[in-house]
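*Asks:* Take this structure first; my questions come after.
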Amino acid sequence: MLEELECRWYDRYEAKVKELAADYHHRVDALVEKSRQDWVANMAELEAKSREISTLQVALEGQINETLRFKETVNLRGGLEWIVYQAKGLGKIKKDCAPGIQAGLNEIANTAAFGKVLAKELVSRNLLEKDVKRCIAVLYHEASKQAHGNKGKITIYHEDHVENERAALVTFFKVQSGWADCLKWEEVPRSPQKV
C-alpha cells in the first residue's frame, strides 16, 4: 500500500512537472512571438518614418533652392524673418523659443553677440540702450510698415526709421553678417533733399 501511494505521488509529481514545463514553454513561445511581432511592427514603422524623412528632405531641398532664388529680392521684413530662421537653424537661439518672428528677435537680442554689437552701435550713434531696447520689442511690426523691395541688398533707409530703430535694425544685420549664408544689406543716409 505504501508503494502504491508512493507511485501515485510520483506520477502526480511527474504530471505536475510536465504541466509546468509545458506552461513555461508555452509562455516563452508566446513571448518570443510577441517580440517578433513587435520587431516586425517597429521595422515597418521605421521604414515608414524613413520614407517620410526622405520625402521631407526632398521638399526641404526644394524649399531651400526656392528660398535662395528669392533671397536677393527680400525686403526688410523678410530679412528679419530670415535672421530668426537662420538663428534657429544655426543654434544661435533655441529652436523651441516662443513662436513668432518678434519672439525670435527678442531671443537674439538677449545673446552676448547682439549685446556686443549693440554696445558699439550705441557709442557710435550716441544713443541710450534702454531706448534702443524699447524699439526691439516692436521692431518686426515697425519693419512691416516699410516694405520696400530691394535690388540684391536689403536697405535700411534713414527716412523710414527713427534713430533708435535704425540702431536696432543695423545691430541685427551686423550680427547675422558673421553667420553662414548671411544677407546683404546696407544703411542709406537721409537724402539731402528730404532733410
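Residue names in the C-alpha cells use chain letters A, B, ... in the order shown, residue numbers from 1 in each chain, and ligand numbers from 1 in the order shown.
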Would you pick out the contacts of Glu142 (chain A) at 10 Å or less, using only C-alpha atoms, so that residues sharing its chain but fewer than 3 positions from it are not included, and give the list as a PyMOL selection string?

*Replies:* chain A and resi 77+135-139+145-147+160-161+165

*Asks:* The selected residues should be written to file as a JSON list (two decimals), in the first residue's frame (atoms: all heavy atoms).

*Replies:*
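Result file follows (part.json):
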```json
[["chain", "number", "residue", "atom", "x", "y", "z"],
["A", 77, "ARG", "N", 11.45, 93.42, -43.84],
["A", 77, "ARG", "CA", 10.67, 92.49, -43.01],
["A", 77, "ARG", "C", 11.10, 91.04, -43.26],
["A", 77, "ARG", "O", 11.30, 90.26, -42.34],
["A", 77, "ARG", "CB", 9.19, 92.66, -43.32],
["A", 77, "ARG", "CG", 8.32, 91.73, -42.54],
["A", 77, "ARG", "CD", 6.87, 91.93, -42.89],
["A", 77, "ARG", "NE", 6.08, 90.96, -42.17],
["A", 77, "ARG", "CZ", 4.91, 90.55, -42.56],
["A", 77, "ARG", "NH1", 4.36, 91.02, -43.66],
["A", 77, "ARG", "NH2", 4.24, 89.66, -41.87],
["A", 135, "CYS", "N", 12.70, 99.77, -28.67],
["A", 135, "CYS", "CA", 12.35, 99.63, -30.09],
["A", 135, "CYS", "C", 12.39, 98.16, -30.54],
["A", 135, "CYS", "O", 11.62, 97.76, -31.41],
["A", 135, "CYS", "CB", 13.30, 100.43, -30.96],
["A", 135, "CYS", "SG", 13.06, 102.21, -30.81],
["A", 136, "ILE", "N", 13.29, 97.40, -29.95],
["A", 136, "ILE", "CA", 13.44, 95.99, -30.35],
["A", 136, "ILE", "C", 12.13, 95.24, -30.15],
["A", 136, "ILE", "O", 11.76, 94.39, -30.96],
["A", 136, "ILE", "CB", 14.59, 95.33, -29.58],
["A", 136, "ILE", "CG1", 15.93, 95.91, -30.04],
["A", 136, "ILE", "CG2", 14.58, 93.81, -29.76],
["A", 136, "ILE", "CD1", 17.12, 95.49, -29.21],
["A", 137, "ALA", "N", 11.40, 95.55, -29.10],
["A", 137, "ALA", "CA", 10.17, 94.83, -28.77],
["A", 137, "ALA", "C", 9.08, 94.95, -29.84],
["A", 137, "ALA", "O", 8.17, 94.13, -29.89],
["A", 137, "ALA", "CB", 9.64, 95.30, -27.42],
["A", 138, "VAL", "N", 9.16, 95.97, -30.68],
["A", 138, "VAL", "CA", 8.14, 96.17, -31.74],
["A", 138, "VAL", "C", 8.80, 96.28, -33.12],
["A", 138, "VAL", "O", 8.16, 96.74, -34.07],
["A", 138, "VAL", "CB", 7.29, 97.42, -31.44],
["A", 138, "VAL", "CG1", 6.44, 97.23, -30.20],
["A", 138, "VAL", "CG2", 8.15, 98.67, -31.32],
["A", 139, "LEU", "N", 10.01, 95.86, -33.23],
["A", 139, "LEU", "CA", 10.78, 96.05, -34.46],
["A", 139, "LEU", "C", 10.16, 95.36, -35.67],
["A", 139, "LEU", "O", 10.07, 95.95, -36.75],
["A", 139, "LEU", "CB", 12.22, 95.56, -34.26],
["A", 139, "LEU", "CG", 13.23, 96.03, -35.28],
["A", 139, "LEU", "CD1", 13.32, 97.55, -35.28],
["A", 139, "LEU", "CD2", 14.60, 95.45, -34.96],
["A", 145, "LYS", "N", 5.78, 97.99, -41.77],
["A", 145, "LYS", "CA", 5.20, 99.22, -42.32],
["A", 145, "LYS", "C", 6.00, 99.75, -43.50],
["A", 145, "LYS", "O", 5.49, 100.52, -44.30],
["A", 145, "LYS", "CB", 5.13, 100.30, -41.24],
["A", 145, "LYS", "CG", 4.18, 99.96, -40.11],
["A", 145, "LYS", "CD", 4.23, 101.05, -39.05],
["A", 145, "LYS", "CE", 3.33, 100.74, -37.88],
["A", 145, "LYS", "NZ", 3.42, 101.78, -36.84],
["A", 146, "GLN", "N", 7.26, 99.39, -43.58],
["A", 146, "GLN", "CA", 8.15, 99.89, -44.64],
["A", 146, "GLN", "C", 8.59, 98.71, -45.50],
["A", 146, "GLN", "O", 9.64, 98.14, -45.29],
["A", 146, "GLN", "CB", 9.38, 100.58, -44.04],
["A", 146, "GLN", "CG", 9.06, 101.68, -43.05],
["A", 146, "GLN", "CD", 8.31, 102.84, -43.69],
["A", 146, "GLN", "OE1", 8.42, 103.08, -44.89],
["A", 146, "GLN", "NE2", 7.56, 103.55, -42.88],
["A", 147, "ALA", "N", 7.77, 98.31, -46.44],
["A", 147, "ALA", "CA", 8.06, 97.11, -47.23],
["A", 147, "ALA", "C", 8.58, 97.47, -48.61],
["A", 147, "ALA", "O", 7.95, 97.21, -49.61],
["A", 147, "ALA", "CB", 6.82, 96.24, -47.33],
["A", 160, "ASP", "N", 12.91, 106.18, -43.16],
["A", 160, "ASP", "CA", 11.86, 105.22, -42.80],
["A", 160, "ASP", "C", 11.84, 104.87, -41.31],
["A", 160, "ASP", "O", 10.85, 104.32, -40.83],
["A", 160, "ASP", "CB", 12.02, 103.93, -43.59],
["A", 160, "ASP", "CG", 11.69, 104.11, -45.06],
["A", 160, "ASP", "OD1", 11.05, 105.13, -45.40],
["A", 160, "ASP", "OD2", 12.07, 103.24, -45.86],
["A", 161, "HIS", "N", 12.92, 105.16, -40.61],
["A", 161, "HIS", "CA", 13.03, 104.71, -39.22],
["A", 161, "HIS", "C", 13.69, 105.77, -38.35],
["A", 161, "HIS", "O", 14.61, 106.45, -38.79],
["A", 161, "HIS", "CB", 13.87, 103.42, -39.14],
["A", 161, "HIS", "CG", 13.39, 102.35, -40.05],
["A", 161, "HIS", "ND1", 12.33, 101.55, -39.76],
["A", 161, "HIS", "CD2", 13.82, 101.98, -41.29],
["A", 161, "HIS", "CE1", 12.12, 100.71, -40.76],
["A", 161, "HIS", "NE2", 13.02, 100.95, -41.70],
["A", 165, "GLU", "N", 15.39, 102.83, -33.84],
["A", 165, "GLU", "CA", 15.00, 101.68, -34.67],
["A", 165, "GLU", "C", 16.14, 101.30, -35.61],
["A", 165, "GLU", "O", 16.43, 100.12, -35.79],
["A", 165, "GLU", "CB", 13.77, 102.02, -35.52],
["A", 165, "GLU", "CG", 12.47, 101.83, -34.84],
["A", 165, "GLU", "CD", 11.31, 102.19, -35.76],
["A", 165, "GLU", "OE1", 11.46, 102.21, -37.00],
["A", 165, "GLU", "OE2", 10.24, 102.49, -35.21]]
```

*Asks:* So which residues of chain A fall under strand (DSSP E or B) by DSSP, listed as an MDAnalysis selection string?

*Replies:* chainID A and resid 154:157 185:188

*Asks:* Mind dumping the selected residues with C-alpha atoms as a short mmCIF file (atom, residue, chain, number, x, y, z; two decimals), in the first residue's frame?

*Replies:*
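So the final result, stored in selection-v7.cif, reads:
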```cif
data_model
loop_
_atom_site.label_atom_id
_atom_site.label_comp_id
_atom_site.auth_asym_id
_atom_site.auth_seq_id
_atom_site.Cartn_x
_atom_site.Cartn_y
_atom_site.Cartn_z
CA ILE A 154 18.30 94.93 -48.05
CA THR A 155 18.30 98.65 -47.46
CA ILE A 156 17.69 100.45 -44.19
CA TYR A 157 16.62 103.95 -45.17
CA TRP A 185 22.36 94.82 -46.50
CA GLU A 186 23.17 98.50 -46.30
CA GLU A 187 22.16 101.57 -44.36
CA VAL A 188 21.37 104.52 -46.59
#
```

*Asks:* Measuring atom to atom with only C-alpha atoms, identify which of A:Lys95, A:Arg134, A:Lys153, A:Arg125 is nearest to Ala109 (chain A).

*Replies:*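 Smallest distance to Ala109 (chain A) is found for A:Arg134.
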
*Asks:* So how far away is CA of Thr55 (chain A) from CA of Leu183 (chain A), in Å?

*Replies:*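 Between CA of Leu183 (chain A) and CA of Thr55 (chain A) the gap works out to 28.3 Å.
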
*Asks:* At a cut-off of 9 Å, using only C-alpha atoms, what residues contact Ala119 (chain A)? Leave out same-chain residues fewer than 5 positions from it and give the result as a PyMOL selection string.

*Replies:* chain A and resi 114+124+129

*Asks:* Export, as a PDB file, in the first residue's frame, the selected residues with N, CA and C atoms.

*Replies:*
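This went into part-v8.pdb:
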```
ATOM      1  N   PHE A 114      24.816  89.826 -29.736  1.00  0.00           N
ATOM      2  CA  PHE A 114      23.984  91.001 -30.011  1.00  0.00           C
ATOM      3  C   PHE A 114      24.378  92.139 -29.075  1.00  0.00           C
ATOM      4  N   SER A 124      28.641 104.671 -31.207  1.00  0.00           N
ATOM      5  CA  SER A 124      28.814 105.383 -32.475  1.00  0.00           C
ATOM      6  C   SER A 124      27.639 106.318 -32.795  1.00  0.00           C
ATOM      7  N   GLU A 129      20.885 102.694 -24.332  1.00  0.00           N
ATOM      8  CA  GLU A 129      20.498 101.297 -24.521  1.00  0.00           C
ATOM      9  C   GLU A 129      19.013 101.075 -24.274  1.00  0.00           C
TER      10      GLU A 129
END
```

*Asks:* Which is closer to Asp181 (chain A) than all the others in A:Ile83, A:Arg166, A:Asp131, A:Glu107, using only C-alpha atoms?

*Replies:*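 Checking each candidate against Asp181 (chain A), we get A:Ile83 as the closest.
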
*Asks:* Need the shell around Asn110 (chain A): protein/DNA/RNA residues with any atom at most 12 Å away, counting only C-alpha atoms. Skip same-chain ones fewer than 4 positions apart. Format as a ChimeraX atom specification?

*Replies:* /A:92-94,103-106,114-118,133,136-137,172

*Asks:* Enumerate as a PyMOL selection string all residues of region 54-131 of chain A assigned to helix (DSSP H, G or I) by DSSP on the backbone, naming them with the chain letters and numbers the document uses.

*Replies:* chain A and resi 54-73+76-89+101-109+112-125+129-131

*Asks:* Rounded to one decimal, what separation in Å do you get between CA of Gly79 (chain A) and CA of Ile101 (chain A)?

*Replies:*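 Value for the CA of Gly79 (chain A)-CA of Ile101 (chain A) distance: 10.7 Å.
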
*Asks:* Provide the CA of Val84 (chain A) to CA of Thr111 (chain A) distance in Å, to one decimal place.

*Replies:*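 For CA of Val84 (chain A) relative to CA of Thr111 (chain A), the distance reads 12.7 Å.
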
*Asks:* Tell me which of A:Lys174, A:Leu127, A:Ala180, A:Leu60 sits closest to Val162 (chain A), counting only C-alpha atoms.

*Replies:*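 Checking each of A:Lys174, A:Leu127, A:Ala180, A:Leu60 against Val162 (chain A), counting only C-alpha atoms, the winner is A:Leu127.
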
*Asks:* Point out the residue among A:Asn75, A:Asn42, A:Ser50, A:Ser35 with the least atom-to-atom distance to Gly152 (chain A), counting only C-alpha atoms.

*Replies:*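 For Gly152 (chain A), the nearest of the candidates is A:Asn75.
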